[in-house]
2 protein chains.
Amino acid sequence: MPATILDGRALAQRIQAEIRAAASECLAGRGFAPGLGVVLVGDDPASAMYVRMKRRACERVGIQSKASVLPGSAAQADVEAAVRAFTQDPAIHGILVQLPLPEHIDEEAVLQEISLEKDVDGIHPINLGRLGMRGRQPSFTPATPTGVMALIREAGLPIEGMRAAVIGRSNIVGLPAALMLTNANATVTLCHSRTRDLPAVARAADIVVAAVGRPEMVKGDWLKPGAIVIDVGSNSVPDPASKKGYRYVGDVEFASAQAVAGWITEVPGGVGPMTITMLLSNTMEAARRSAASTAARPQ
Amino acid sequence: MPATILDGRALAQRIQAEIRAAASECLAGRGFAPGLGVVLVGDDPASAMYVRMKRRACERVGIQSKASVLPGSAAQADVEAAVRAFTQDPAIHGILVQLPLPEHIDEEAVLQEISLEKDVDGIHPINLGRLGMRGRQPSFTPATPTGVMALIREAGLPIEGMRAAVIGRSNIVGLPAALMLTNANATVTLCHSRTRDLPAVARAADIVVAAVGRPEMVKGDWLKPGAIVIDVGSNSVPDPASKKGYRYVGDVEFASAQAVAGWITEVPGGVGPMTITMLLSNTMEAARRSAASTAARPQ
């Protein structure tokens, strides 16, 4: 029996419907819409596309979005000032800095300008530190791995005690996904380019998260039968049959993997829609907390 | 052939001799001794003993130490003020807050009072966040896992590509050890109380770091022949044959493990002396950086 599809698009729609209801209630009851501030530096087409997609998604659910677009030549102080302006803006509840920033910008210094309560991408160095630590809670968890966790939970199996292999150790996906799976009491092996016999490591895992950016690297015979397979990759490959001349594939070879896995995500339609949805969900939650703390303030 | 002992006491003595020479040079050339400020809250006998050991070790190498000892009933503000006083004291180059703090104290808020350049135990939330992240460098790495890494390197084998199992996910040992091994390009599995079939996970590993606090839990038949075994545990067990009525054992059953492993640490005499030495080494380095930044300042 081929693997059951974990449908990121359908799950995202369900969650976005809840966010839309909550945002509308916020506007009616509290008189304000949740607000997301996005900082984009430079004119990388992929980054610009992600920012457009986020703006449209905000519109769909009733979150107001503002964008600060700076030229690629912007100085460190200008980028920090753009973030600081959102931190000080009471109409903005969540801040997203579109990564990567240009080479000459000190990324960590920029991210530290995000106030913890507006850090809806969970990317502030303190939030990332807290993510891994026992007894500490980040104010928000990063959007992509949060979406990964939500998709894994859709399989309906207890994560506790499962073996997991996370392939790729990026700051925004692989590392935080490994920490979140560990927090859910999985036993996690964090794999990367220097890992020897990666297929054997993957085959020992009940959960495989592929976040490495290599088209169709993970094959069906790398998988334990019945495993949960989450494909974070989104790689454009030449496709003469397509009008655009290319198409997107994941880090997993879908056909061979689906024949072995128990659950699997598709590309597109898996992690992608969930990433943006988790950002919206965190922004809604930030607005809710902001309203609660205002209400609790003595008059 | 039984495993070669990785001798923490001998390695610690070599490194402490280097620190002593550097501290003496600092005093002669720069006119000041490196300074360590220790904050101890409450009267836990083990914590008090560790603080005494650190003070004596400082004396041995020519580092000046100051201690702020607060009662277990101290208020949050008092503990933070004690840390802040060391942060502002130009004679103090490194700050250590002895953990655990009493239940009623917000640990993270206290640790955030340590300035990054004096965080010689690498425990500031930002430093822990940086430790796991690609392209970021903590100002210092935590003493115990830094000692663990130094002992692993004594085996003289390339860590890159090795499989490692870290048993225990504490904030001050297991988690940072897993991150540091990943940074050294090992493929790390982080194990904990919910890990299923822990012996099988350990047997797949070229490096086993046991930091779980359970006397002699790791047996020889849990190990891959030739593995490097680092025992962070220090557990007191009843011993009627000893004058004190107890003795210390590690998390590894030494005799059975030594018969299988390639390299192994003893308890005591393994990780313990290295932890304190790495703290001294970081304090010396903090003093060196402080002198360099003072010298570089325009007159």
# chains A, B, ... in the order shown; residues from 1 in each chain; ligands from 1
>>> closest_atom_pairs(of="chain B", to="chain A", cutoff="7 Å", atoms="only C-alpha atoms", output="Markdown table")
| residue | atom | partner | partner_atom | distance |
| --- | --- | --- | --- | --- |
| B:Pro125 | CA | A:Gly129 | CA | 5.5 |
| B:Ile126 | CA | A:Ile126 | CA | 5.1 |
| B:Leu128 | CA | A:Gly129 | CA | 5.3 |
| B:Gly129 | CA | A:Gly129 | CA | 3.5 |
| B:Arg130 | CA | A:Pro125 | CA | 6.8 |
| B:Met133 | CA | A:Asn171 | CA | 5.5 |
| B:Arg134 | CA | A:Asn171 | CA | 6.2 |
| B:Glu160 | CA | A:Arg194 | CA | 6.9 |
| B:Gly161 | CA | A:Thr195 | CA | 5.3 |
| B:Ser170 | CA | A:Arg134 | CA | 6.8 |
| B:Asn171 | CA | A:Met133 | CA | 5.5 |
| B:Asn185 | CA | A:Arg194 | CA | 6.1 |
| B:Thr187 | CA | A:Cys191 | CA | 5.7 |
| B:Val188 | CA | A:Thr189 | CA | 5.5 |
| B:Thr189 | CA | A:Thr189 | CA | 4.1 |
| B:Leu190 | CA | A:Val188 | CA | 5.8 |
| B:Cys191 | CA | A:Thr187 | CA | 5.7 |
| B:Arg194 | CA | A:Gly161 | CA | 5.4 |
| B:Thr195 | CA | A:Gly161 | CA | 5.4 |
| B:Arg196 | CA | A:Gly161 | CA | 5.8 |
>>> write_last_selection(atoms="all heavy atoms", output="short mmCIF file (atom, residue, chain, number, x, y, z; two decimals), in the first residue's frame")
data_model
loop_
_atom_site.label_atom_id
_atom_site.label_comp_id
_atom_site.auth_asym_id
_atom_site.auth_seq_id
_atom_site.Cartn_x
_atom_site.Cartn_y
_atom_site.Cartn_z
N PRO B 125 22.04 32.83 27.46
CA PRO B 125 21.15 32.28 26.44
C PRO B 125 21.61 32.57 25.01
O PRO B 125 21.47 31.72 24.13
CB PRO B 125 19.82 32.97 26.74
CG PRO B 125 19.88 33.34 28.19
CD PRO B 125 21.33 33.59 28.50
N ILE B 126 22.19 33.74 24.78
CA ILE B 126 22.67 34.05 23.43
C ILE B 126 23.85 33.17 23.05
O ILE B 126 23.94 32.67 21.92
CB ILE B 126 23.04 35.55 23.32
CG1 ILE B 126 21.75 36.38 23.30
CG2 ILE B 126 23.89 35.84 22.08
CD1 ILE B 126 21.93 37.84 22.97
N LEU B 128 24.44 30.12 24.15
CA LEU B 128 23.94 28.78 23.87
C LEU B 128 23.24 28.72 22.52
O LEU B 128 23.37 27.73 21.80
CB LEU B 128 23.00 28.32 24.99
CG LEU B 128 23.75 27.71 26.17
CD1 LEU B 128 22.84 27.54 27.38
CD2 LEU B 128 24.36 26.36 25.79
N GLY B 129 22.50 29.79 22.17
CA GLY B 129 21.88 29.83 20.85
C GLY B 129 22.93 29.82 19.75
O GLY B 129 22.82 29.07 18.77
N ARG B 130 23.97 30.63 19.94
CA ARG B 130 25.03 30.69 18.92
C ARG B 130 25.76 29.37 18.78
O ARG B 130 26.23 29.03 17.69
CB ARG B 130 26.07 31.73 19.34
CG ARG B 130 25.62 33.16 19.16
CD ARG B 130 26.72 34.06 19.70
NE ARG B 130 26.42 35.46 19.53
CZ ARG B 130 27.12 36.43 20.10
NH1 ARG B 130 28.13 36.13 20.91
NH2 ARG B 130 26.81 37.68 19.90
N MET B 133 24.40 27.23 16.08
CA MET B 133 24.08 27.83 14.79
C MET B 133 25.28 27.91 13.87
O MET B 133 26.40 28.19 14.30
CB MET B 133 23.45 29.20 15.00
CG MET B 133 22.11 29.08 15.73
SD MET B 133 21.44 30.69 16.16
CE MET B 133 20.71 31.14 14.59
N ARG B 134 25.01 27.69 12.58
CA ARG B 134 26.04 27.79 11.56
C ARG B 134 26.40 29.27 11.40
O ARG B 134 25.52 30.13 11.39
CB ARG B 134 25.52 27.26 10.22
CG ARG B 134 24.87 25.89 10.32
CD ARG B 134 25.86 24.79 10.37
NE ARG B 134 26.52 24.62 9.08
CZ ARG B 134 27.62 23.90 8.93
NH1 ARG B 134 28.19 23.34 9.97
NH2 ARG B 134 28.14 23.76 7.74
N GLU B 160 35.46 14.22 12.49
CA GLU B 160 34.59 14.39 11.32
C GLU B 160 34.14 13.05 10.76
O GLU B 160 34.95 12.16 10.51
CB GLU B 160 35.34 15.18 10.23
CG GLU B 160 34.53 15.31 8.97
CD GLU B 160 35.06 16.39 8.05
OE1 GLU B 160 35.47 17.45 8.53
OE2 GLU B 160 35.06 16.16 6.83
N GLY B 161 32.84 12.92 10.57
CA GLY B 161 32.28 11.71 10.00
C GLY B 161 31.98 10.61 11.01
O GLY B 161 31.31 9.64 10.67
N SER B 170 20.91 17.51 29.21
CA SER B 170 20.87 18.67 30.10
C SER B 170 21.38 19.91 29.38
O SER B 170 22.13 19.83 28.40
CB SER B 170 21.74 18.42 31.33
OG SER B 170 23.10 18.43 30.96
N ASN B 171 20.95 21.08 29.89
CA ASN B 171 21.34 22.36 29.30
C ASN B 171 22.84 22.61 29.40
O ASN B 171 23.41 23.30 28.56
CB ASN B 171 20.62 23.51 29.99
CG ASN B 171 19.14 23.52 29.70
OD1 ASN B 171 18.68 22.87 28.76
ND2 ASN B 171 18.38 24.24 30.51
N ASN B 185 31.57 18.14 13.01
CA ASN B 185 31.16 17.30 11.88
C ASN B 185 30.99 15.83 12.21
O ASN B 185 31.05 14.98 11.33
CB ASN B 185 32.12 17.47 10.69
CG ASN B 185 31.97 18.83 10.04
OD1 ASN B 185 30.87 19.38 10.02
ND2 ASN B 185 33.06 19.38 9.56
N THR B 187 28.25 12.91 13.36
CA THR B 187 26.81 12.71 13.21
C THR B 187 26.28 12.25 14.56
O THR B 187 26.59 11.16 15.02
CB THR B 187 26.52 11.65 12.14
OG1 THR B 187 27.06 12.11 10.89
CG2 THR B 187 25.02 11.41 11.99
N VAL B 188 25.50 13.14 15.19
CA VAL B 188 25.18 12.96 16.61
C VAL B 188 23.74 12.51 16.82
O VAL B 188 22.82 13.07 16.22
CB VAL B 188 25.39 14.30 17.37
CG1 VAL B 188 25.06 14.13 18.86
CG2 VAL B 188 26.81 14.80 17.18
N THR B 189 23.57 11.51 17.67
CA THR B 189 22.23 11.13 18.15
C THR B 189 22.13 11.52 19.62
O THR B 189 22.96 11.10 20.43
CB THR B 189 22.01 9.61 17.98
OG1 THR B 189 22.21 9.27 16.61
CG2 THR B 189 20.59 9.24 18.39
N LEU B 190 21.14 12.36 19.93
CA LEU B 190 20.96 12.84 21.30
C LEU B 190 19.94 11.94 21.99
O LEU B 190 18.77 11.89 21.61
CB LEU B 190 20.49 14.30 21.28
CG LEU B 190 20.32 15.00 22.63
CD1 LEU B 190 21.58 14.91 23.48
CD2 LEU B 190 19.93 16.47 22.43
N CYS B 191 20.41 11.20 23.00
CA CYS B 191 19.57 10.19 23.67
C CYS B 191 19.14 10.70 25.05
O CYS B 191 19.79 11.55 25.64
CB CYS B 191 20.36 8.90 23.87
SG CYS B 191 21.12 8.29 22.35
N ARG B 194 13.60 8.82 27.30
CA ARG B 194 12.55 8.21 26.49
C ARG B 194 13.11 7.46 25.29
O ARG B 194 12.36 7.00 24.44
CB ARG B 194 11.58 9.28 25.97
CG ARG B 194 11.13 10.28 27.01
CD ARG B 194 10.42 9.59 28.18
NE ARG B 194 10.26 10.54 29.28
CZ ARG B 194 9.22 11.37 29.39
NH1 ARG B 194 8.27 11.34 28.51
NH2 ARG B 194 9.15 12.21 30.39
N THR B 195 14.43 7.37 25.18
CA THR B 195 15.04 6.67 24.05
C THR B 195 14.79 5.17 24.18
O THR B 195 15.02 4.59 25.23
CB THR B 195 16.55 6.95 24.00
OG1 THR B 195 16.73 8.34 23.72
CG2 THR B 195 17.25 6.12 22.93
N ARG B 196 14.29 4.58 23.08
CA ARG B 196 14.06 3.13 23.07
C ARG B 196 15.33 2.41 22.64
O ARG B 196 16.03 2.88 21.75
CB ARG B 196 12.95 2.78 22.08
CG ARG B 196 11.59 3.16 22.58
CD ARG B 196 10.52 2.62 21.63
NE ARG B 196 9.34 3.46 21.79
CZ ARG B 196 8.58 3.91 20.79
NH1 ARG B 196 8.87 3.60 19.55
NH2 ARG B 196 7.54 4.68 21.04
#
>>> residues_around(residues="Asp78 of chain A", least_positions_apart="4", cutoff="12 Å", atoms="only C-alpha atoms", output="list in words")
Val39, Leu40, Val41, Ser68, Val69, Leu70, Pro71, Gly72, Ser73, Ala74, Ala82, Val83, Arg84, Ala85, Ile105, Asp106, Val110 and Glu113 of chain A
>>> write_last_selection(atoms="all heavy atoms", output="short mmCIF file (atom, residue, chain, number, x, y, z; two decimals), in the first residue's frame")
data_model
loop_
_atom_site.label_atom_id
_atom_site.label_comp_id
_atom_site.auth_asym_id
_atom_site.auth_seq_id
_atom_site.Cartn_x
_atom_site.Cartn_y
_atom_site.Cartn_z
N VAL A 39 10.70 42.85 6.73
CA VAL A 39 11.87 43.60 6.27
C VAL A 39 12.56 42.80 5.17
O VAL A 39 12.92 41.63 5.37
CB VAL A 39 12.86 43.86 7.43
CG1 VAL A 39 14.12 44.55 6.92
CG2 VAL A 39 12.19 44.70 8.52
N LEU A 40 12.69 43.43 4.01
CA LEU A 40 13.34 42.78 2.86
C LEU A 40 14.50 43.66 2.41
O LEU A 40 14.31 44.86 2.15
CB LEU A 40 12.33 42.61 1.73
CG LEU A 40 12.85 42.12 0.37
CD1 LEU A 40 13.44 40.72 0.48
CD2 LEU A 40 11.73 42.12 -0.67
N VAL A 41 15.69 43.09 2.31
CA VAL A 41 16.86 43.86 1.88
C VAL A 41 17.38 43.27 0.57
O VAL A 41 17.67 42.07 0.51
CB VAL A 41 17.97 43.82 2.96
CG1 VAL A 41 19.13 44.73 2.56
CG2 VAL A 41 17.41 44.23 4.32
N SER A 68 9.05 46.84 4.75
CA SER A 68 10.15 47.79 4.58
C SER A 68 11.11 47.18 3.59
O SER A 68 11.73 46.15 3.88
CB SER A 68 10.90 47.98 5.90
OG SER A 68 10.41 49.06 6.61
N VAL A 69 11.20 47.78 2.42
CA VAL A 69 12.10 47.23 1.40
C VAL A 69 13.31 48.14 1.27
O VAL A 69 13.18 49.33 0.97
CB VAL A 69 11.38 47.10 0.04
CG1 VAL A 69 12.32 46.48 -1.00
CG2 VAL A 69 10.13 46.24 0.19
N LEU A 70 14.49 47.58 1.53
CA LEU A 70 15.73 48.36 1.48
C LEU A 70 16.58 47.87 0.32
O LEU A 70 16.53 46.69 -0.03
CB LEU A 70 16.51 48.22 2.78
CG LEU A 70 15.96 48.96 4.00
CD1 LEU A 70 14.89 48.13 4.70
CD2 LEU A 70 17.07 49.31 4.98
N PRO A 71 17.39 48.76 -0.25
CA PRO A 71 18.27 48.31 -1.35
C PRO A 71 19.36 47.37 -0.82
O PRO A 71 19.68 47.40 0.37
CB PRO A 71 18.89 49.62 -1.85
CG PRO A 71 18.80 50.57 -0.70
CD PRO A 71 17.56 50.18 0.06
N GLY A 72 19.90 46.56 -1.71
CA GLY A 72 20.94 45.61 -1.33
C GLY A 72 22.18 46.30 -0.78
O GLY A 72 22.98 45.68 -0.06
N SER A 73 22.33 47.58 -1.06
CA SER A 73 23.49 48.34 -0.58
C SER A 73 23.24 48.97 0.79
O SER A 73 24.08 49.71 1.29
CB SER A 73 23.80 49.44 -1.59
OG SER A 73 22.67 50.31 -1.69
N ALA A 74 22.09 48.70 1.39
CA ALA A 74 21.73 49.36 2.65
C ALA A 74 22.80 49.12 3.72
O ALA A 74 23.41 48.05 3.76
CB ALA A 74 20.38 48.83 3.14
N ALA A 82 15.19 49.77 10.42
CA ALA A 82 13.93 49.28 9.85
C ALA A 82 13.27 48.28 10.79
O ALA A 82 12.04 48.31 11.00
CB ALA A 82 14.18 48.64 8.48
N VAL A 83 14.08 47.40 11.38
CA VAL A 83 13.53 46.43 12.33
C VAL A 83 13.03 47.16 13.58
O VAL A 83 11.94 46.90 14.09
CB VAL A 83 14.59 45.37 12.71
CG1 VAL A 83 14.05 44.43 13.78
CG2 VAL A 83 15.01 44.58 11.47
N ARG A 84 13.85 48.12 14.05
CA ARG A 84 13.50 48.84 15.27
C ARG A 84 12.18 49.60 15.10
O ARG A 84 11.37 49.68 16.02
CB ARG A 84 14.64 49.79 15.66
CG ARG A 84 14.68 50.11 17.14
CD ARG A 84 16.09 50.47 17.60
NE ARG A 84 16.78 51.30 16.63
CZ ARG A 84 17.99 51.05 16.15
NH1 ARG A 84 18.68 50.02 16.56
NH2 ARG A 84 18.54 51.87 15.28
N ALA A 85 11.97 50.14 13.90
CA ALA A 85 10.72 50.88 13.65
C ALA A 85 9.52 49.96 13.84
O ALA A 85 8.51 50.35 14.45
CB ALA A 85 10.74 51.46 12.23
N ILE A 105 25.96 42.45 5.78
CA ILE A 105 25.12 42.74 6.95
C ILE A 105 25.36 41.71 8.05
O ILE A 105 25.42 40.51 7.78
CB ILE A 105 23.62 42.76 6.56
CG1 ILE A 105 23.34 43.81 5.49
CG2 ILE A 105 22.74 42.95 7.78
CD1 ILE A 105 23.45 45.24 5.98
N ASP A 106 25.53 42.18 9.30
CA ASP A 106 25.66 41.30 10.46
C ASP A 106 24.26 40.83 10.84
O ASP A 106 23.49 41.55 11.47
CB ASP A 106 26.33 42.07 11.61
CG ASP A 106 26.42 41.25 12.89
OD1 ASP A 106 25.78 40.17 12.99
OD2 ASP A 106 27.15 41.70 13.79
N VAL A 110 21.09 42.29 13.48
CA VAL A 110 19.77 42.69 12.99
C VAL A 110 18.67 41.94 13.73
O VAL A 110 17.70 42.54 14.20
CB VAL A 110 19.66 42.44 11.46
CG1 VAL A 110 18.23 42.63 10.99
CG2 VAL A 110 20.62 43.35 10.69
N GLU A 113 17.47 43.01 17.10
CA GLU A 113 16.62 44.20 17.19
C GLU A 113 15.14 43.82 17.28
O GLU A 113 14.30 44.66 17.62
CB GLU A 113 16.86 45.13 16.00
CG GLU A 113 18.19 45.85 16.02
CD GLU A 113 18.27 46.88 17.15
OE1 GLU A 113 17.21 47.36 17.61
OE2 GLU A 113 19.40 47.17 17.57
#
>>> select_by_dssp(residues="segment 176-278 of chain A", states="alpha helix (DSSP H)", output="list in words")
Pro176, Ala177, Ala178, Leu179, Met180, Leu181, Thr182, Asn183, Leu198, Pro199, Ala200, Val201, Ala202, Arg203, Phe254, Ala255, Ser256, Ala257, Gln258, Val271, Gly272, Pro273, Met274, Thr275, Ile276, Thr277 and Met278 of chain A
>>> write_last_selection(atoms="N, CA, C and O atoms", output="short mmCIF file (atom, residue, chain, number, x, y, z; two decimals), in the first residue's frame")
data_model
loop_
_atom_site.label_atom_id
_atom_site.label_comp_id
_atom_site.auth_asym_id
_atom_site.auth_seq_id
_atom_site.Cartn_x
_atom_site.Cartn_y
_atom_site.Cartn_z
N PRO A 176 16.64 23.70 14.23
CA PRO A 176 15.45 23.81 15.10
C PRO A 176 14.50 22.62 14.98
O PRO A 176 13.87 22.24 15.97
N ALA A 177 14.41 21.98 13.82
CA ALA A 177 13.56 20.78 13.70
C ALA A 177 14.09 19.68 14.61
O ALA A 177 13.31 18.98 15.29
N ALA A 178 15.42 19.52 14.65
CA ALA A 178 16.03 18.50 15.52
C ALA A 178 15.72 18.79 16.98
O ALA A 178 15.39 17.89 17.76
N LEU A 179 15.80 20.07 17.35
CA LEU A 179 15.53 20.44 18.75
C LEU A 179 14.06 20.22 19.09
O LEU A 179 13.73 19.72 20.16
N MET A 180 13.17 20.57 18.17
CA MET A 180 11.73 20.41 18.45
C MET A 180 11.36 18.93 18.52
O MET A 180 10.52 18.55 19.35
N LEU A 181 11.94 18.10 17.68
CA LEU A 181 11.68 16.66 17.77
C LEU A 181 12.22 16.09 19.07
O LEU A 181 11.59 15.23 19.70
N THR A 182 13.40 16.58 19.51
CA THR A 182 13.94 16.14 20.80
C THR A 182 13.00 16.58 21.93
O THR A 182 12.71 15.81 22.85
N ASN A 183 12.51 17.81 21.86
CA ASN A 183 11.56 18.28 22.87
C ASN A 183 10.30 17.42 22.91
O ASN A 183 9.67 17.30 23.96
N LEU A 198 24.70 7.73 5.02
CA LEU A 198 23.42 8.38 5.31
C LEU A 198 22.22 7.44 5.08
O LEU A 198 21.28 7.43 5.89
N PRO A 199 22.22 6.62 4.01
CA PRO A 199 21.07 5.72 3.83
C PRO A 199 20.82 4.83 5.05
O PRO A 199 19.67 4.63 5.45
N ALA A 200 21.90 4.33 5.66
CA ALA A 200 21.72 3.46 6.83
C ALA A 200 21.15 4.24 8.01
O ALA A 200 20.32 3.73 8.77
N VAL A 201 21.61 5.48 8.17
CA VAL A 201 21.08 6.31 9.27
C VAL A 201 19.59 6.57 9.04
O VAL A 201 18.77 6.44 9.95
N ALA A 202 19.23 6.90 7.81
CA ALA A 202 17.83 7.17 7.50
C ALA A 202 16.97 5.92 7.71
O ALA A 202 15.87 5.99 8.25
N ARG A 203 17.52 4.76 7.32
CA ARG A 203 16.75 3.52 7.42
C ARG A 203 16.45 3.12 8.86
O ARG A 203 15.54 2.34 9.13
N PHE A 254 10.04 11.12 -4.79
CA PHE A 254 8.70 10.83 -4.29
C PHE A 254 8.20 9.43 -4.62
O PHE A 254 7.72 8.70 -3.73
N ALA A 255 8.31 9.02 -5.89
CA ALA A 255 7.68 7.74 -6.29
C ALA A 255 8.26 6.56 -5.52
O ALA A 255 7.52 5.76 -4.95
N SER A 256 9.60 6.48 -5.46
CA SER A 256 10.19 5.33 -4.76
C SER A 256 9.94 5.43 -3.25
O SER A 256 9.76 4.42 -2.57
N ALA A 257 9.92 6.65 -2.73
CA ALA A 257 9.70 6.81 -1.29
C ALA A 257 8.27 6.47 -0.89
O ALA A 257 8.03 5.83 0.13
N GLN A 258 7.32 6.87 -1.73
CA GLN A 258 5.92 6.61 -1.38
C GLN A 258 5.64 5.10 -1.33
O GLN A 258 4.78 4.64 -0.58
N VAL A 271 5.25 21.02 2.95
CA VAL A 271 5.77 21.92 3.98
C VAL A 271 5.56 23.39 3.60
O VAL A 271 5.30 24.23 4.46
N GLY A 272 5.65 23.71 2.29
CA GLY A 272 5.56 25.10 1.85
C GLY A 272 4.35 25.85 2.40
O GLY A 272 4.50 26.87 3.08
N PRO A 273 3.14 25.35 2.13
CA PRO A 273 1.97 26.07 2.64
C PRO A 273 1.93 26.13 4.16
O PRO A 273 1.37 27.07 4.74
N MET A 274 2.53 25.14 4.82
CA MET A 274 2.51 25.13 6.28
C MET A 274 3.43 26.20 6.86
O MET A 274 3.14 26.79 7.90
N THR A 275 4.57 26.46 6.19
CA THR A 275 5.51 27.46 6.69
C THR A 275 4.82 28.81 6.82
O THR A 275 4.86 29.47 7.87
N ILE A 276 4.16 29.21 5.75
CA ILE A 276 3.53 30.52 5.74
C ILE A 276 2.37 30.55 6.73
O ILE A 276 2.14 31.55 7.43
N THR A 277 1.68 29.42 6.87
CA THR A 277 0.55 29.35 7.80
C THR A 277 1.02 29.48 9.25
O THR A 277 0.36 30.13 10.07
N MET A 278 2.15 28.87 9.57
CA MET A 278 2.67 28.96 10.94
C MET A 278 3.08 30.40 11.26
O MET A 278 2.94 30.86 12.38
#
